[in-house]
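Accompanying notes for the structure given below.
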Amino acid sequence: MIMYGGGAGKDGGSTNHISDGGVVLKKGPWTAAEDEILAAYVRENGEGNWNAVQKNTGLARCGKSCRLRWANHLRPNLKKGSFTGDEERLIIQLHAQLGNKWARMAAQLPGRTDNEIKNYWNTRLKRLQRQGLPLYPPDIIPNHQLPSTSTTSSTTTTTTT
DNA sequence: AATTAACCCAACCGCCGACCC
DNA sequence: CGGGTCGGCGGTTGGGTTAAT
């Protein structure tokens with residue numbers, strides 16, 4: 001029997017901001033039914049107001065959980081499957097420039113999420129370290145880990161394209 | 001055929017910053 | 001000006017699956 005906080009676990013959401021109206025928020029894997037409720041709500045109301053999802057649909061999920069689910073799995077145009085060689089190279093380049101700025105990196109990879117990129121990178125990082133290989137290919141020079149030679153770094157991410 | 005290690009994916013947690021009241 | 005809430009980000013953990021020994 002699996003019971004995801006479906007009992008007395010009131011504090012499930014840990015850093016839950018506000019108190020729910022006595023509703024016990026659920027956690028753990030999402031079900032297809034929950035996905036549909038969330039997807040339908042977003043279709044009607046758009047993204048944002050994630051806490052409103054729980055308030056208006058009665059879905060026993062906190063706003064944070066809804067946002068994450070939507071962003072990583074329900075959002076349309078999500079690219080599924082493995083990263084292409086082109087995407088991999090782009091990720092490496094972006095990481096060399098931005099560091100662990102997964103959200104920014106995801107913005108450069110249409111259909112990909114920060115979580116996916118983060119998972120990919122972490123796995124690759126471990127693998128490369130195990131094999132004693134460099135994180136970046138020789139033709140890529142990371143900018144984010146340069147010593148404090150020039151403090152006035154660029155914060156403006158000129159997103160061309 | 002069984003056991004162990006590694007890999008990948010999904011989700012949660014806590015923290016931070018922005019925004020609104 | 002201060003307090004509170006929400007949204008978002010990055011880090012970390014857990015579970016399941018697959019491959020190798």
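Ligands are numbered from 1 in the order shown, chains are lettered A, B, ... in the order of the structure tokens, and residues start at 1 in each chain.
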
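If you count only C-alpha atoms (C1' of nucleotides) and ignore residues fewer than 3 places along the chain from stretch 15-20 of chain C, what sits within 12 Å of it is Gly28 and Pro29 of chain A; DT3, DT4, DA5, DA6, DC7, DC8, DC9, DA10 and DA11 of chain B.
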
Residues of chain C that approach chain A to 9 Å or less, counting only C-alpha atoms (C1' of nucleotides): could you list each one with the shortest pair of atoms and its distance in Å to one decimal, rows by chain and increasing residue number, as a Markdown table?
| residue | atom | partner | partner_atom | distance |
| --- | --- | --- | --- | --- |
| C:DT5 | C1' | A:His17 | CA | 6.8 |
| C:DC6 | C1' | A:Asn51 | CA | 8.1 |
| C:DG7 | C1' | A:Lys64 | CA | 8.0 |
| C:DC9 | C1' | A:Ala103 | CA | 7.2 |
| C:DG10 | C1' | A:Asn100 | CA | 7.7 |

> If you run DSSP on the backbone, which residues of stretch 24-74 of chain A are helix (DSSP H, G or I), as number ranges by chain?
Replying inline: A: 32-45, 50-57, 63-74

> For the atom pair atom CA of A:Ala71 and atom CA of A:Thr113, what is the interatomic distance in Å to one decimal place?
Replying inline: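 The value is 7.1 Å.
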
> Given the choices A:Pro138, A:Gly132, A:Gly81, A:Pro110, which gets closest to chain B if the distance is worked out from only C-alpha atoms (C1' of nucleotides)?
Replying inline: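 Smallest distance to chain B is found for A:Gly81.
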
> Within 12 Å of chain B, which residues of chain A show up when using only C-alpha atoms (C1' of nucleotides), listed as a PyMOL selection string?
Replying inline: chain A and resi 12-17+26-30+62+64-69+72-73+81-82+115-124+126-127+130

Preceding selection exported with N, CA, C and O atoms as a tab-separated table (two decimals), in the first residue's frame:
chain	number	residue	atom	x	y	z
A	12	GLY	N	3.49	18.10	4.56
A	12	GLY	CA	4.09	17.54	3.36
A	12	GLY	C	4.87	18.51	2.52
A	12	GLY	O	5.98	18.25	2.10
A	13	GLY	N	4.27	19.64	2.25
A	13	GLY	CA	4.93	20.59	1.36
A	13	GLY	C	6.12	21.29	1.94
A	13	GLY	O	6.69	22.15	1.32
A	14	SER	N	6.49	20.91	3.13
A	14	SER	CA	7.65	21.52	3.76
A	14	SER	C	7.57	23.03	3.77
A	14	SER	O	6.95	23.62	4.62
A	15	THR	N	8.12	23.64	2.79
A	15	THR	CA	8.16	25.09	2.76
A	15	THR	C	6.87	25.68	2.21
A	15	THR	O	6.87	26.68	1.54
A	16	ASN	N	5.80	25.00	2.47
A	16	ASN	CA	4.52	25.52	2.03
A	16	ASN	C	4.31	26.91	2.59
A	16	ASN	O	4.36	27.12	3.78
A	17	HIS	N	4.09	27.82	1.75
A	17	HIS	CA	3.96	29.21	2.18
A	17	HIS	C	2.73	29.41	3.05
A	17	HIS	O	2.80	29.63	4.22
A	26	LYS	N	-1.00	16.52	-1.66
A	26	LYS	CA	-0.42	15.25	-2.03
A	26	LYS	C	0.97	15.48	-2.62
A	26	LYS	O	1.26	16.55	-3.14
A	27	LYS	N	1.77	14.47	-2.54
A	27	LYS	CA	3.08	14.56	-3.19
A	27	LYS	C	3.45	13.20	-3.75
A	27	LYS	O	2.76	12.23	-3.54
A	28	GLY	N	4.54	13.18	-4.49
A	28	GLY	CA	4.91	11.93	-5.14
A	28	GLY	C	4.51	11.97	-6.61
A	28	GLY	O	4.13	13.02	-7.11
A	29	PRO	N	4.64	10.86	-7.27
A	29	PRO	CA	4.36	10.78	-8.70
A	29	PRO	C	2.96	11.27	-9.07
A	29	PRO	O	2.01	11.05	-8.33
A	30	TRP	N	2.86	11.90	-10.19
A	30	TRP	CA	1.58	12.42	-10.66
A	30	TRP	C	0.83	11.34	-11.41
A	30	TRP	O	1.42	10.52	-12.11
A	62	CYS	N	0.32	21.37	-4.35
A	62	CYS	CA	0.69	22.75	-4.09
A	62	CYS	C	1.10	23.43	-5.39
A	62	CYS	O	1.40	22.76	-6.39
A	64	LYS	N	3.69	24.94	-6.28
A	64	LYS	CA	5.05	24.62	-6.74
A	64	LYS	C	5.08	23.31	-7.50
A	64	LYS	O	5.75	23.17	-8.51
A	65	SER	N	4.35	22.35	-6.97
A	65	SER	CA	4.32	21.05	-7.62
A	65	SER	C	3.65	21.15	-8.98
A	65	SER	O	4.08	20.53	-9.95
A	66	CYS	N	2.59	21.96	-9.05
A	66	CYS	CA	1.88	22.15	-10.31
A	66	CYS	C	2.79	22.80	-11.35
A	66	CYS	O	2.83	22.38	-12.50
A	67	ARG	N	3.48	23.83	-10.93
A	67	ARG	CA	4.36	24.52	-11.86
A	67	ARG	C	5.41	23.59	-12.42
A	67	ARG	O	5.69	23.55	-13.61
A	68	LEU	N	5.99	22.81	-11.54
A	68	LEU	CA	7.05	21.90	-11.94
A	68	LEU	C	6.51	20.85	-12.92
A	68	LEU	O	7.13	20.55	-13.93
A	69	ARG	N	5.35	20.31	-12.60
A	69	ARG	CA	4.76	19.29	-13.45
A	69	ARG	C	4.46	19.85	-14.83
A	69	ARG	O	4.70	19.22	-15.84
A	72	ASN	N	7.77	20.66	-16.79
A	72	ASN	CA	8.60	19.53	-17.19
A	72	ASN	C	7.89	18.43	-17.98
A	72	ASN	O	8.56	17.62	-18.62
A	73	HIS	N	6.57	18.42	-17.91
A	73	HIS	CA	5.90	17.30	-18.59
A	73	HIS	C	4.65	17.65	-19.37
A	73	HIS	O	4.35	17.03	-20.38
A	81	GLY	N	12.65	12.76	-25.66
A	81	GLY	CA	13.73	11.92	-26.17
A	81	GLY	C	15.10	12.46	-25.82
A	81	GLY	O	15.23	13.45	-25.10
A	82	SER	N	16.09	11.80	-26.33
A	82	SER	CA	17.45	12.18	-25.99
A	82	SER	C	17.85	13.49	-26.65
A	82	SER	O	17.26	13.90	-27.64
A	115	ASN	N	15.26	21.19	-15.86
A	115	ASN	CA	15.46	19.94	-15.14
A	115	ASN	C	16.15	18.91	-16.02
A	115	ASN	O	17.05	18.20	-15.57
A	116	GLU	N	15.72	18.83	-17.26
A	116	GLU	CA	16.32	17.88	-18.18
A	116	GLU	C	17.79	18.19	-18.39
A	116	GLU	O	18.65	17.30	-18.36
A	117	ILE	N	18.04	19.45	-18.61
A	117	ILE	CA	19.42	19.87	-18.86
A	117	ILE	C	20.28	19.61	-17.63
A	117	ILE	O	21.40	19.13	-17.71
A	118	LYS	N	19.71	19.92	-16.50
A	118	LYS	CA	20.43	19.73	-15.24
A	118	LYS	C	20.74	18.26	-15.03
A	118	LYS	O	21.86	17.90	-14.69
A	119	ASN	N	19.75	17.42	-15.24
A	119	ASN	CA	19.96	15.98	-15.10
A	119	ASN	C	21.03	15.50	-16.07
A	119	ASN	O	21.90	14.71	-15.72
A	120	TYR	N	20.91	15.95	-17.28
A	120	TYR	CA	21.85	15.55	-18.31
A	120	TYR	C	23.27	15.94	-17.91
A	120	TYR	O	24.20	15.13	-17.97
A	121	TRP	N	23.41	17.17	-17.50
A	121	TRP	CA	24.73	17.66	-17.16
A	121	TRP	C	25.32	16.93	-15.96
A	121	TRP	O	26.50	16.56	-15.94
A	122	ASN	N	24.51	16.74	-14.95
A	122	ASN	CA	24.99	16.07	-13.75
A	122	ASN	C	25.46	14.65	-14.05
A	122	ASN	O	26.48	14.19	-13.56
A	123	THR	N	24.69	13.97	-14.88
A	123	THR	CA	25.06	12.61	-15.25
A	123	THR	C	26.36	12.61	-16.06
A	123	THR	O	27.26	11.83	-15.81
A	124	ARG	N	26.41	13.54	-17.00
A	124	ARG	CA	27.59	13.62	-17.85
A	124	ARG	C	28.81	14.00	-17.02
A	124	ARG	O	29.91	13.47	-17.21
A	126	LYS	N	29.39	13.39	-13.91
A	126	LYS	CA	29.86	12.24	-13.14
A	126	LYS	C	30.62	11.26	-14.03
A	126	LYS	O	31.66	10.74	-13.67
A	127	ARG	N	30.05	11.05	-15.20
A	127	ARG	CA	30.68	10.10	-16.11
A	127	ARG	C	32.07	10.57	-16.52
A	127	ARG	O	33.05	9.82	-16.48
A	130	ARG	N	34.50	10.29	-13.72
A	130	ARG	CA	34.88	8.89	-13.51
A	130	ARG	C	35.93	8.45	-14.52
A	130	ARG	O	36.85	7.72	-14.21
